[in-house]
$ cat protein-v2.cif   # mmCIF, C-alpha atoms and all ligand atoms
data_run
loop_
_atom_site.label_atom_id
_atom_site.label_comp_id
_atom_site.auth_asym_id
_atom_site.auth_seq_id
_atom_site.Cartn_x
_atom_site.Cartn_y
_atom_site.Cartn_z
CA MET A 3 60.46 -115.25 -103.19
CA ILE A 4 60.22 -118.10 -100.75
CA VAL A 5 58.33 -117.75 -97.48
CA VAL A 6 59.86 -119.88 -94.75
CA MET A 7 57.35 -120.64 -92.00
CA ARG A 8 58.36 -121.03 -88.35
CA ALA A 9 58.81 -124.51 -86.93
CA GLY A 10 55.50 -125.66 -85.43
CA CYS A 11 53.34 -123.06 -87.18
CA GLN A 12 49.69 -123.91 -87.65
CA LYS A 13 47.84 -124.69 -90.88
CA PRO A 14 45.78 -121.45 -90.68
CA ASP A 15 49.10 -119.52 -90.74
CA VAL A 16 50.09 -121.28 -93.97
CA ASP A 17 46.61 -120.72 -95.42
CA ARG A 18 46.84 -116.99 -94.63
CA VAL A 19 50.18 -116.76 -96.51
CA VAL A 20 48.75 -118.67 -99.48
CA HIS A 21 45.74 -116.34 -99.55
CA LEU A 22 47.98 -113.26 -99.50
CA VAL A 23 50.18 -114.67 -102.28
CA ARG A 24 47.10 -115.17 -104.47
CA GLU A 25 45.85 -111.70 -103.57
CA MET A 26 49.18 -110.39 -104.90
CA GLY A 27 48.40 -111.99 -108.26
CA LEU A 28 50.99 -114.77 -107.88
CA LYS A 29 50.77 -118.54 -107.70
CA ASP A 30 51.87 -120.53 -104.67
CA HIS A 31 53.54 -123.85 -104.15
CA VAL A 32 53.45 -125.21 -100.61
CA ILE A 33 56.20 -127.63 -99.60
CA VAL A 34 55.61 -129.39 -96.29
CA GLY A 35 58.90 -130.64 -94.85
CA THR A 36 59.55 -132.69 -91.75
CA GLU A 37 60.73 -129.61 -89.80
CA ARG A 38 59.43 -126.64 -91.74
CA THR A 39 56.85 -125.63 -94.30
CA VAL A 40 57.85 -123.25 -97.07
CA VAL A 41 55.64 -121.43 -99.54
CA ALA A 42 57.28 -120.72 -102.91
CA LEU A 43 55.89 -117.79 -104.92
CA ILE A 44 55.57 -118.45 -108.64
CA GLY A 45 55.65 -115.50 -111.06
CA ASP A 46 57.53 -112.20 -111.21
CA ASP A 47 57.42 -110.98 -107.62
CA ARG A 48 60.05 -108.23 -107.91
CA ALA A 49 57.58 -105.38 -107.56
CA LYS A 50 55.66 -107.07 -104.74
CA ASP A 51 55.83 -105.89 -101.16
CA LYS A 52 57.77 -108.47 -99.16
CA SER A 53 56.92 -106.83 -95.83
CA LYS A 54 53.24 -107.89 -96.10
CA LEU A 55 54.34 -111.50 -96.02
CA GLU A 56 56.87 -110.86 -93.27
CA ALA A 57 54.05 -109.41 -91.17
CA CYS A 58 52.00 -112.65 -91.29
CA PRO A 59 51.87 -114.73 -88.11
CA GLY A 60 53.90 -117.92 -88.35
CA VAL A 61 56.34 -116.50 -90.92
CA ASP A 62 60.01 -116.87 -90.04
CA ARG A 63 61.55 -115.09 -93.04
CA VAL A 64 61.02 -114.21 -96.67
CA VAL A 65 63.89 -114.93 -99.05
CA ASP A 66 64.35 -113.26 -102.44
CA ILE A 67 65.18 -115.53 -105.35
CA LEU A 68 65.07 -113.07 -108.23
CA ALA A 69 67.29 -110.01 -108.08
CA PRO A 70 65.12 -106.86 -107.63
CA TYR A 71 66.75 -105.22 -110.65
CA LYS A 72 65.39 -106.63 -113.89
CA ILE A 73 66.96 -105.01 -116.95
CA ALA A 74 70.34 -104.47 -115.26
CA SER A 75 70.42 -108.15 -114.32
CA ARG A 76 72.25 -110.95 -116.08
CA GLN A 77 69.19 -113.11 -115.53
CA THR A 78 67.38 -111.18 -118.26
CA HIS A 79 70.42 -110.32 -120.42
CA PRO A 80 73.07 -113.06 -120.31
CA GLU A 81 75.44 -111.44 -122.84
CA PRO A 82 77.70 -108.61 -121.61
CA SER A 83 76.71 -105.15 -122.84
CA VAL A 84 79.27 -103.43 -125.04
CA ILE A 85 78.84 -99.67 -124.95
CA PRO A 86 80.25 -97.23 -127.53
CA LEU A 87 81.53 -94.01 -125.97
CA GLY A 88 81.40 -91.73 -129.02
CA GLY A 89 83.94 -89.20 -130.25
CA ALA A 90 85.84 -89.68 -133.50
CA LEU A 91 87.54 -92.83 -132.20
CA ASN A 92 84.36 -94.24 -130.66
CA PRO A 93 86.00 -96.81 -128.31
CA LYS A 94 83.78 -99.41 -126.70
CA VAL A 95 83.52 -100.47 -123.07
CA GLY A 96 82.58 -104.01 -122.13
CA GLY A 97 84.31 -105.94 -124.93
CA LYS A 98 87.85 -107.24 -125.21
CA GLN A 99 89.36 -103.77 -125.09
CA VAL A 100 90.03 -102.31 -121.63
CA CYS A 101 89.00 -98.66 -121.62
CA MET A 102 91.42 -96.15 -120.09
CA MET A 103 89.71 -92.94 -118.99
CA ALA A 104 92.19 -90.31 -117.93
CA GLY A 105 92.41 -86.57 -117.40
CA PRO A 106 92.45 -83.92 -114.70
CA CYS A 107 90.11 -83.96 -111.73
CA SER A 108 89.03 -80.42 -112.68
CA ILE A 109 89.46 -78.40 -115.84
CA GLU A 110 91.48 -75.39 -114.68
CA ASN A 111 92.26 -73.68 -117.97
CA ARG A 112 92.57 -74.42 -121.67
CA SER A 113 96.32 -74.92 -121.85
CA MET A 114 96.60 -77.43 -118.99
CA LEU A 115 93.68 -79.39 -120.40
CA MET A 116 95.19 -79.52 -123.90
CA GLU A 117 98.58 -80.56 -122.56
CA ILE A 118 97.06 -83.37 -120.49
CA ALA A 119 94.68 -84.44 -123.27
CA HIS A 120 97.47 -84.84 -125.81
CA ALA A 121 99.77 -86.58 -123.32
CA VAL A 122 97.18 -89.14 -122.21
CA LYS A 123 96.13 -89.77 -125.81
CA GLU A 124 99.78 -90.29 -126.77
CA ALA A 125 100.22 -92.77 -123.91
CA GLY A 126 97.15 -94.75 -125.03
CA ALA A 127 94.15 -93.42 -123.11
CA THR A 128 90.82 -94.10 -124.82
CA CYS A 129 88.65 -91.46 -123.11
CA LEU A 130 89.35 -87.99 -121.70
CA ARG A 131 87.86 -87.07 -118.33
CA GLY A 132 87.69 -83.66 -116.69
CA GLY A 133 85.35 -81.99 -114.22
CA ALA A 134 83.57 -78.73 -115.08
CA PHE A 135 80.87 -78.94 -112.41
CA LYS A 136 82.61 -80.13 -109.25
CA PRO A 137 80.81 -81.58 -106.24
CA ARG A 138 82.87 -80.07 -103.41
CA THR A 139 82.42 -80.91 -99.74
CA ASN A 140 83.58 -77.41 -98.86
CA PRO A 141 81.50 -74.63 -100.45
CA TYR A 142 84.49 -72.23 -100.34
CA GLU A 143 86.64 -74.45 -102.56
CA PHE A 144 86.89 -74.32 -106.37
CA GLN A 145 83.54 -75.33 -107.84
CA GLY A 146 84.64 -75.83 -111.46
CA LEU A 147 84.57 -73.62 -114.55
CA GLY A 148 81.04 -74.66 -115.52
CA GLU A 149 80.08 -74.21 -119.18
CA LYS A 150 83.45 -72.57 -120.01
CA GLY A 151 85.13 -75.78 -118.86
CA LEU A 152 82.73 -77.86 -120.96
CA GLU A 153 83.67 -75.84 -124.05
CA MET A 154 87.35 -76.55 -123.40
CA LEU A 155 86.65 -80.21 -122.85
CA ALA A 156 84.72 -80.54 -126.10
CA GLU A 157 87.56 -78.79 -127.91
CA ALA A 158 90.13 -81.17 -126.38
CA GLY A 159 87.93 -84.08 -127.48
CA GLU A 160 87.80 -82.77 -131.01
CA GLU A 161 91.56 -82.19 -131.17
CA THR A 162 92.45 -85.65 -129.88
CA GLY A 163 89.50 -87.69 -131.22
CA LEU A 164 88.90 -88.97 -127.68
CA PRO A 165 85.37 -89.11 -126.28
CA VAL A 166 85.00 -86.83 -123.26
CA CYS A 167 83.43 -87.68 -119.91
CA THR A 168 82.35 -85.15 -117.31
CA GLU A 169 80.10 -84.98 -114.29
CA VAL A 170 76.54 -83.71 -114.27
CA MET A 171 75.44 -82.76 -110.77
CA SER A 172 71.84 -81.71 -111.19
CA ILE A 173 68.86 -82.01 -113.50
CA ASP A 174 69.22 -78.41 -114.68
CA GLN A 175 72.76 -79.20 -115.91
CA VAL A 176 71.78 -82.25 -117.98
CA LEU A 177 71.09 -80.39 -121.24
CA VAL A 178 74.23 -78.29 -121.20
CA VAL A 179 76.50 -81.18 -120.19
CA ALA A 180 74.94 -83.45 -122.84
CA LYS A 181 75.56 -80.72 -125.41
CA TYR A 182 79.35 -80.90 -124.92
CA ALA A 183 80.11 -84.32 -123.41
CA ASP A 184 80.11 -87.79 -124.93
CA VAL A 185 79.71 -89.53 -121.57
CA LEU A 186 77.72 -88.20 -118.60
CA GLN A 187 79.21 -88.97 -115.21
CA ILE A 188 77.05 -89.37 -112.13
CA GLY A 189 79.22 -88.85 -109.08
CA THR A 190 79.24 -90.91 -105.90
CA ARG A 191 77.26 -88.26 -104.02
CA ASN A 192 74.44 -88.43 -106.56
CA MET A 193 74.05 -92.17 -106.97
CA HIS A 194 70.90 -91.97 -104.85
CA ASN A 195 69.55 -88.89 -106.67
CA PHE A 196 66.79 -90.79 -108.42
CA ASN A 197 65.39 -87.78 -110.27
CA LEU A 198 68.82 -87.08 -111.75
CA LEU A 199 69.21 -90.75 -112.70
CA MET A 200 65.90 -90.60 -114.55
CA ALA A 201 66.92 -87.34 -116.25
CA VAL A 202 70.18 -88.78 -117.65
CA GLY A 203 68.16 -91.87 -118.54
CA LYS A 204 66.20 -89.72 -120.95
CA THR A 205 69.31 -88.64 -122.88
CA ASP A 206 71.05 -90.64 -125.60
CA LYS A 207 74.52 -90.30 -124.02
CA PRO A 208 76.24 -93.18 -122.22
CA VAL A 209 76.27 -92.71 -118.45
CA LEU A 210 79.17 -93.51 -116.13
CA LEU A 211 77.47 -94.25 -112.82
CA LYS A 212 79.75 -94.10 -109.80
CA ARG A 213 78.91 -96.22 -106.80
CA GLY A 214 77.73 -94.28 -103.76
CA TRP A 215 80.44 -94.48 -101.11
CA SER A 216 78.09 -96.26 -98.74
CA ALA A 217 75.85 -97.99 -101.28
CA THR A 218 75.42 -101.75 -101.33
CA LEU A 219 75.81 -103.64 -104.60
CA ASN A 220 72.04 -104.02 -104.68
CA GLU A 221 71.50 -100.26 -104.37
CA PHE A 222 74.19 -99.63 -107.01
CA LEU A 223 72.48 -101.92 -109.51
CA LEU A 224 69.05 -100.50 -108.69
CA ALA A 225 70.45 -97.01 -109.44
CA ALA A 226 71.57 -98.35 -112.84
CA GLU A 227 68.09 -99.80 -113.26
CA TYR A 228 66.60 -96.29 -112.85
CA ILE A 229 68.68 -95.04 -115.79
CA ILE A 230 67.97 -98.00 -118.07
CA GLN A 231 64.30 -98.06 -117.19
CA SER A 232 64.07 -94.38 -118.21
CA GLY A 233 65.15 -95.32 -121.73
CA ASN A 234 68.96 -95.29 -121.72
CA PRO A 235 70.55 -98.78 -121.86
CA ASN A 236 74.11 -97.43 -121.99
CA VAL A 237 75.15 -97.50 -118.36
CA ILE A 238 78.76 -98.07 -117.32
CA LEU A 239 79.23 -98.84 -113.63
CA CYS A 240 82.19 -97.40 -111.75
CA GLU A 241 83.63 -98.60 -108.44
CA ARG A 242 85.33 -95.60 -106.82
CA GLY A 243 85.85 -96.79 -103.26
CA ILE A 244 83.75 -96.80 -100.12
CA ARG A 245 83.98 -95.21 -96.68
CA THR A 246 85.57 -97.39 -94.02
CA HIS A 247 87.65 -96.94 -90.85
CA GLU A 248 90.91 -97.08 -92.85
CA ASP A 249 92.97 -93.93 -92.50
CA HIS A 250 95.92 -94.74 -94.73
CA VAL A 251 93.68 -94.23 -97.78
CA ARG A 252 91.00 -91.70 -98.71
CA ASN A 253 88.55 -94.52 -99.49
CA THR A 254 88.78 -98.31 -99.44
CA LEU A 255 88.71 -99.74 -102.95
CA PRO A 256 86.80 -103.05 -102.98
CA LEU A 257 87.91 -104.85 -106.11
CA ALA A 258 85.55 -107.71 -105.28
CA THR A 259 82.87 -105.44 -106.76
CA VAL A 260 84.24 -106.38 -110.18
CA PRO A 261 83.52 -110.14 -110.09
CA ALA A 262 80.32 -109.49 -108.13
CA VAL A 263 79.02 -107.08 -110.79
CA LYS A 264 80.08 -109.48 -113.54
CA ARG A 265 78.04 -112.21 -111.94
CA GLU A 266 74.97 -110.09 -111.25
CA SER A 267 74.83 -107.81 -114.27
CA HIS A 268 75.64 -107.51 -117.96
CA LEU A 269 76.77 -103.90 -117.55
CA PRO A 270 80.47 -103.03 -117.90
CA ILE A 271 82.39 -102.04 -114.79
CA VAL A 272 85.16 -99.48 -114.58
CA VAL A 273 87.40 -99.00 -111.53
CA ASP A 274 88.59 -95.59 -110.31
CA PRO A 275 91.74 -96.16 -108.21
CA ALA A 276 92.34 -92.39 -107.90
CA HIS A 277 89.30 -91.68 -105.70
CA GLY A 278 89.52 -95.30 -104.53
CA THR A 279 92.81 -94.66 -102.74
CA GLY A 280 93.42 -90.90 -102.76
CA ARG A 281 97.16 -91.55 -103.07
CA ALA A 282 98.97 -91.25 -106.38
CA TYR A 283 101.58 -93.88 -105.44
CA MET A 284 98.85 -96.51 -104.97
CA VAL A 285 97.02 -95.79 -108.22
CA PRO A 286 99.13 -97.91 -110.64
CA SER A 287 99.07 -100.99 -108.35
CA MET A 288 95.33 -100.83 -107.95
CA ALA A 289 94.80 -100.18 -111.66
CA ARG A 290 96.80 -103.30 -112.51
CA ALA A 291 94.90 -105.30 -109.89
CA ALA A 292 91.56 -104.06 -111.24
CA ILE A 293 92.40 -105.18 -114.77
CA ALA A 294 93.57 -108.55 -113.46
CA ALA A 295 90.23 -108.84 -111.63
CA GLY A 296 88.32 -108.34 -114.88
CA ALA A 297 87.50 -104.62 -114.93
CA ASP A 298 86.36 -103.28 -118.30
CA GLY A 299 88.05 -99.97 -117.75
CA ILE A 300 90.06 -97.74 -115.45
CA MET A 301 89.45 -94.10 -114.63
CA VAL A 302 92.39 -92.10 -113.30
CA GLU A 303 93.27 -88.48 -112.66
CA VAL A 304 96.29 -87.05 -114.45
CA HIS A 305 97.82 -83.60 -114.05
CA CYS A 306 100.83 -81.88 -115.59
CA ASP A 307 101.69 -80.43 -112.16
CA PRO A 308 99.89 -82.38 -109.40
CA GLN A 309 101.45 -80.26 -106.65
CA HIS A 310 99.62 -77.23 -107.99
CA ALA A 311 96.40 -78.97 -109.03
CA TRP A 312 93.29 -77.09 -107.89
CA THR A 313 91.59 -80.33 -106.86
CA ASP A 314 92.72 -83.87 -105.99
CA GLY A 315 96.45 -83.32 -106.60
CA ALA A 316 97.42 -86.00 -104.07
CA GLN A 317 95.79 -88.71 -106.16
CA SER A 318 96.75 -87.34 -109.59
CA LEU A 319 99.43 -89.02 -111.68
CA THR A 320 102.05 -86.99 -113.50
CA LEU A 321 102.12 -87.36 -117.27
CA ASP A 322 105.16 -89.65 -116.99
CA ALA A 323 103.63 -91.74 -114.23
CA PHE A 324 100.53 -92.18 -116.37
CA ALA A 325 102.58 -93.33 -119.38
CA GLN A 326 104.43 -95.80 -117.15
CA MET A 327 101.15 -97.08 -115.66
CA MET A 328 99.77 -97.58 -119.18
CA ARG A 329 102.69 -99.83 -120.08
CA GLU A 330 102.20 -101.91 -116.94
CA CYS A 331 98.44 -102.11 -117.39
CA ARG A 332 98.87 -103.19 -120.99
CA ALA A 333 101.02 -106.14 -119.89
CA VAL A 334 98.40 -107.18 -117.32
CA ALA A 335 95.59 -106.78 -119.86
CA GLU A 336 97.39 -109.04 -122.30
CA ALA A 337 98.07 -111.59 -119.56
CA VAL A 338 94.32 -111.88 -118.87
CA GLY A 339 93.26 -112.00 -122.52
CA ARG A 340 92.29 -108.34 -122.91
CA GLU A 341 93.69 -105.47 -124.96
CA LEU A 342 94.70 -102.00 -123.95
C1 LIG A 401 85.53 -87.13 -109.82
O1 LIG A 401 85.52 -88.07 -110.65
O2 LIG A 401 86.28 -86.15 -109.92
C2 LIG A 401 84.67 -87.22 -108.63
C3 LIG A 401 84.27 -86.14 -107.97
O3 LIG A 401 84.39 -88.49 -108.31
P1 LIG A 401 83.49 -89.12 -107.12
O4 LIG A 401 82.08 -88.76 -107.45
O5 LIG A 401 83.78 -90.59 -107.23
O6 LIG A 401 83.98 -88.54 -105.82
MN MN A 402 88.59 -85.88 -108.38
#

$ encode --input "protein-v2.cif" --output "structure tokens"
Amino acid sequence: MIVVMRAGCQKPDVDRVVHLVREMGLKDHVIVGTERTVVALIGDDRAKDKSKLEACPGVDRVVDILAPYKIASRQTHPEPSVIPLGGALNPKVGGKQVCMMAGPCSIENRSMLMEIAHAVKEAGATCLRGGAFKPRTNPYEFQGLGEKGLEMLAEAGEETGLPVCTEVMSIDQVLVVAKYADVLQIGTRNMHNFNLLMAVGKTDKPVLLKRGWSATLNEFLLAAEYIIQSGNPNVILCERGIRTHEDHVRNTLPLATVPAVKRESHLPIVVDPAHGTGRAYMVPSMARAAIAAGADGIMVEVHCDPQHAWTDGAQSLTLDAFAQMMRECRAVAEAVGREL
């Protein structure tokens, strides 16, 4: 941190700041300029309370130098993390290979899941997704098949060799979801559920952490920090769109998150253009753009009959549209030095 003093502040003001810095267990370095005096804090100040310094008379502002997240930060881990997803094929996210996660929004029954699983595998998907516990805005809508759905998902994973990813909504679901799934998904609505983040952090399964729809990048990376700090280093970030005034899309998909995450963190970043747009026709364009921007993976929703899907049909690709998107994405991946 750097404490910038107000122009014309008095020496006792600077002395008070220096005293407080020492009280915090840090060293100080006072730089007296022609216009302003600044006090630089030396040492790891990430857990220190900035507001104490802001409250001192004569202080103009306090500027962070170190990112508040430590283990999720590139400052402490310059090499990108490469995370194995499990399953017989055990694909990795974060290396040269772009990961394609595809499957229905919700698991509706065994036969639809098997049909979709085989089709996406055939087209080149590397991970099967499917919701069994669904976070629904409306309590009267389909809530997911629960453990029955998890059983079907695990079976589809075994049949295809694909790792399976599904959402865990609460602490009491962690054990059962971890029993069947290879990858635990934390949904956008739960990104700020710190107790849940710590609970999945105590498992040995990779976690796909979706960005809260109103979370800043800082909050997103601090949520990842919760998981890693609880013992689980295998966190995959997922940009799934944020709430804005736009009404031609369900969410606004900020692809700038990709280079921003790459600069700030070593964790891989996946983009979800299905929830990010809410419109099936936009999904392939945004998937291609995400890969071009450097995303380590794409998550999309695929359904054999989107018009009759129980959830998120409007943003689900048909099996053919998915196969077509895969071909296009592969060309983009190759163009930017990746594989798909
Ligand atoms: C989902 O992946 O089906 C889902 C509910 O996602 P989100 O948490 O991003 O809304
Ligand atoms: Mn969905």

$ atom_distance --input "protein-v2.cif" --atom1 "CA of Leu43 in chain A" --atom2 "CA of Leu22 in chain A"
10.6 Å

$ atom_distance --input "protein-v2.cif" --atom1 "CA of Val23 in chain A" --atom2 "CA of Leu55 in chain A"
8.2 Å

$ closest_residue --input "protein-v2.cif" --among "A:Ala121, A:Leu223, A:Ala134, A:Val178" --to "ligand MN 402 (chain A)" --atoms "all atoms listed in the file"
A:Ala134

$ residues_near_ligand --input "protein-v2.cif" --ligand "ligand MN 402 (chain A)" --cutoff "8 Å" --atoms "all atoms listed in the file" --output "PDB file with C-alpha atoms, in the frame of the given file"
ATOM      1  CA  PRO A 106      92.450 -83.920-114.700  1.00  0.00           C
ATOM      2  CA  CYS A 107      90.110 -83.960-111.730  1.00  0.00           C
ATOM      3  CA  SER A 108      89.030 -80.420-112.680  1.00  0.00           C
ATOM      4  CA  GLY A 133      85.350 -81.990-114.220  1.00  0.00           C
ATOM      5  CA  ALA A 276      92.340 -92.390-107.900  1.00  0.00           C
ATOM      6  CA  HIS A 277      89.300 -91.680-105.700  1.00  0.00           C
ATOM      7  CA  GLU A 303      93.270 -88.480-112.660  1.00  0.00           C
ATOM      8  CA  THR A 313      91.590 -80.330-106.860  1.00  0.00           C
ATOM      9  CA  ASP A 314      92.720 -83.870-105.990  1.00  0.00           C
TER      10      ASP A 314
END

$ closest_residue --input "protein-v2.cif" --among "A:Asp206, A:Glu336, A:Asp184, A:Glu330" --to "Pro235 in chain A" --atoms "all atoms listed in the file"
A:Asp206

$ residues_near_ligand --input "protein-v2.cif" --ligand "ligand LIG 401 (chain A)" --cutoff "9 Å" --atoms "all atoms listed in the file" --output "number ranges by chain"
A: 106-108, 131-133, 136-138, 168-169, 187-193, 211-215, 240-243, 274, 276-278, 301-303, 313-314

$ residues_around --input "protein-v2.cif" --residues "Phe324 in chain A" --least-positions-apart "2" --cutoff "9 Å" --atoms "only C-alpha atoms" --output "number ranges by chain"
A: 104, 121-122, 125, 286, 302-304, 319-322, 326-329

$ write_last_selection --input "protein-v2.cif" --atoms "C-alpha atoms" --output "PDB file, keeping the file's coordinate frame"
ATOM      1  CA  ALA A 104      92.190 -90.310-117.930  1.00  0.00           C
ATOM      2  CA  ALA A 121      99.770 -86.580-123.320  1.00  0.00           C
ATOM      3  CA  VAL A 122      97.180 -89.140-122.210  1.00  0.00           C
ATOM      4  CA  ALA A 125     100.220 -92.770-123.910  1.00  0.00           C
ATOM      5  CA  PRO A 286      99.130 -97.910-110.640  1.00  0.00           C
ATOM      6  CA  VAL A 302      92.390 -92.100-113.300  1.00  0.00           C
ATOM      7  CA  GLU A 303      93.270 -88.480-112.660  1.00  0.00           C
ATOM      8  CA  VAL A 304      96.290 -87.050-114.450  1.00  0.00           C
ATOM      9  CA  LEU A 319      99.430 -89.020-111.680  1.00  0.00           C
ATOM     10  CA  THR A 320     102.050 -86.990-113.500  1.00  0.00           C
ATOM     11  CA  LEU A 321     102.120 -87.360-117.270  1.00  0.00           C
ATOM     12  CA  ASP A 322     105.160 -89.650-116.990  1.00  0.00           C
ATOM     13  CA  GLN A 326     104.430 -95.800-117.150  1.00  0.00           C
ATOM     14  CA  MET A 327     101.150 -97.080-115.660  1.00  0.00           C
ATOM     15  CA  MET A 328      99.770 -97.580-119.180  1.00  0.00           C
ATOM     16  CA  ARG A 329     102.690 -99.830-120.080  1.00  0.00           C
TER      17      ARG A 329
END

$ atom_distance --input "protein-v2.cif" --atom1 "CA of Thr78 in chain A" --atom2 "CA of His268 in chain A"
9.0 Å

$ closest_residue --input "protein-v2.cif" --among "A:Ile271, A:Met114, A:Ala201, A:Ala289" --to "Pro308 in chain A" --atoms "only C-alpha atoms"
A:Met114

$ axis_aligned_box --input "protein-v2.cif" --around "range 276-290 of chain A" --padding-each-side "8 Å" --output "JSON"
{"center_x": 95.4, "center_y": -97.1, "center_z": -107.6, "size_x": 28.3, "size_y": 28.4, "size_z": 25.8}

$ closest_residue --input "protein-v2.cif" --among "A:Leu91, A:Cys129, A:Ile244, A:Val273" --to "Met103 in chain A" --atoms "all atoms listed in the file"
A:Cys129

$ residues_around --input "protein-v2.cif" --residues "Pro261 in chain A" --least-positions-apart "3" --cutoff "9 Å" --atoms "all atoms listed in the file" --output "MDAnalysis selection string"
chainID A and resid 257:258 264:266 295:297

$ closest_residue --input "protein-v2.cif" --among "A:Thr259, A:Thr279, A:Thr162, A:Asn92" --to "Leu239 in chain A" --atoms "only C-alpha atoms"
A:Thr259

$ residues_around --input "protein-v2.cif" --residues "range 96-102 of chain A" --least-positions-apart "6" --cutoff "7 Å" --atoms "all atoms listed in the file" --output "PyMOL selection string"
chain A and resi 82-85+127-129+270+298-301+340-342

$ residues_around --input "protein-v2.cif" --residues "range 79-81 of chain A" --least-positions-apart "4" --cutoff "8 Å" --atoms "only C-alpha atoms" --output "list of chain:residue names"
A:Ile73, A:Ala74, A:Ser75, A:Ser267, A:His268

$ closest_residue --input "protein-v2.cif" --among "A:Leu147, A:Ala42, A:Leu269, A:Ile173" --to "Val95 in chain A" --atoms "all atoms listed in the file"
A:Leu269

$ residues_near_point --input "protein-v2.cif" --point "(68.2, -93.7, -119.7)" --cutoff "10 Å" --atoms "all atoms listed in the file" --output "ChimeraX atom specification"
/A:199-209,226-237

$ residues_around --input "protein-v2.cif" --residues "Val64 in chain A" --least-positions-apart "5" --cutoff "7 Å" --atoms "only C-alpha atoms" --output "CSV table (one decimal) with C-alpha atoms, in the frame of the given file"
chain,number,residue,atom,x,y,z
A,3,MET,CA,60.5,-115.2,-103.2
A,4,ILE,CA,60.2,-118.1,-100.8
A,5,VAL,CA,58.3,-117.8,-97.5
A,6,VAL,CA,59.9,-119.9,-94.8
A,56,GLU,CA,56.9,-110.9,-93.3

$ residues_near_point --input "protein-v2.cif" --point "(85.6, -78.1, -124.5)" --cutoff "12 Å" --atoms "all atoms listed in the file" --output "ChimeraX atom specification"
/A:109-113,115-116,119,130-134,147-162,164-168,178-179,181-184

$ decode --input "protein-v2.cif" --residues "range 45-57 of chain A" --atoms "N, CA and C atoms" --output "tab-separated table (two decimals), in the first residue's frame"
chain	number	residue	atom	x	y	z
A	45	GLY	N	6.34	-4.64	3.25
A	45	GLY	CA	5.92	-5.90	3.89
A	45	GLY	C	4.59	-6.31	3.31
A	46	ASP	N	4.14	-7.51	3.68
A	46	ASP	CA	2.86	-8.01	3.14
A	46	ASP	C	1.70	-7.36	3.89
A	47	ASP	N	1.04	-6.43	3.22
A	47	ASP	CA	-0.01	-5.65	3.89
A	47	ASP	C	-1.42	-6.11	3.49
A	48	ARG	N	-1.51	-7.30	2.81
A	48	ARG	CA	-2.81	-7.67	2.25
A	48	ARG	C	-3.88	-7.95	3.29
A	49	ALA	N	-3.47	-8.35	4.49
A	49	ALA	CA	-4.48	-8.63	5.51
A	49	ALA	C	-4.68	-7.42	6.43
A	50	LYS	N	-4.02	-6.32	6.12
A	50	LYS	CA	-4.10	-5.14	7.00
A	50	LYS	C	-5.31	-4.28	6.65
A	51	ASP	N	-5.83	-3.60	7.67
A	51	ASP	CA	-7.03	-2.80	7.49
A	51	ASP	C	-6.67	-1.40	6.97
A	52	LYS	N	-6.98	-1.21	5.68
A	52	LYS	CA	-6.68	0.04	4.98
A	52	LYS	C	-7.46	1.23	5.58
A	53	SER	N	-8.66	0.94	6.10
A	53	SER	CA	-9.52	2.04	6.55
A	53	SER	C	-8.92	2.79	7.75
A	54	LYS	N	-8.06	2.11	8.54
A	54	LYS	CA	-7.42	2.80	9.68
A	54	LYS	C	-6.54	3.93	9.17
A	55	LEU	N	-5.84	3.65	8.08
A	55	LEU	CA	-4.97	4.68	7.50
A	55	LEU	C	-5.80	5.77	6.84
A	56	GLU	N	-6.87	5.36	6.19
A	56	GLU	CA	-7.74	6.35	5.52
A	56	GLU	C	-8.36	7.31	6.53
A	57	ALA	N	-8.52	6.82	7.77
A	57	ALA	CA	-9.15	7.64	8.80
A	57	ALA	C	-8.20	8.68	9.40
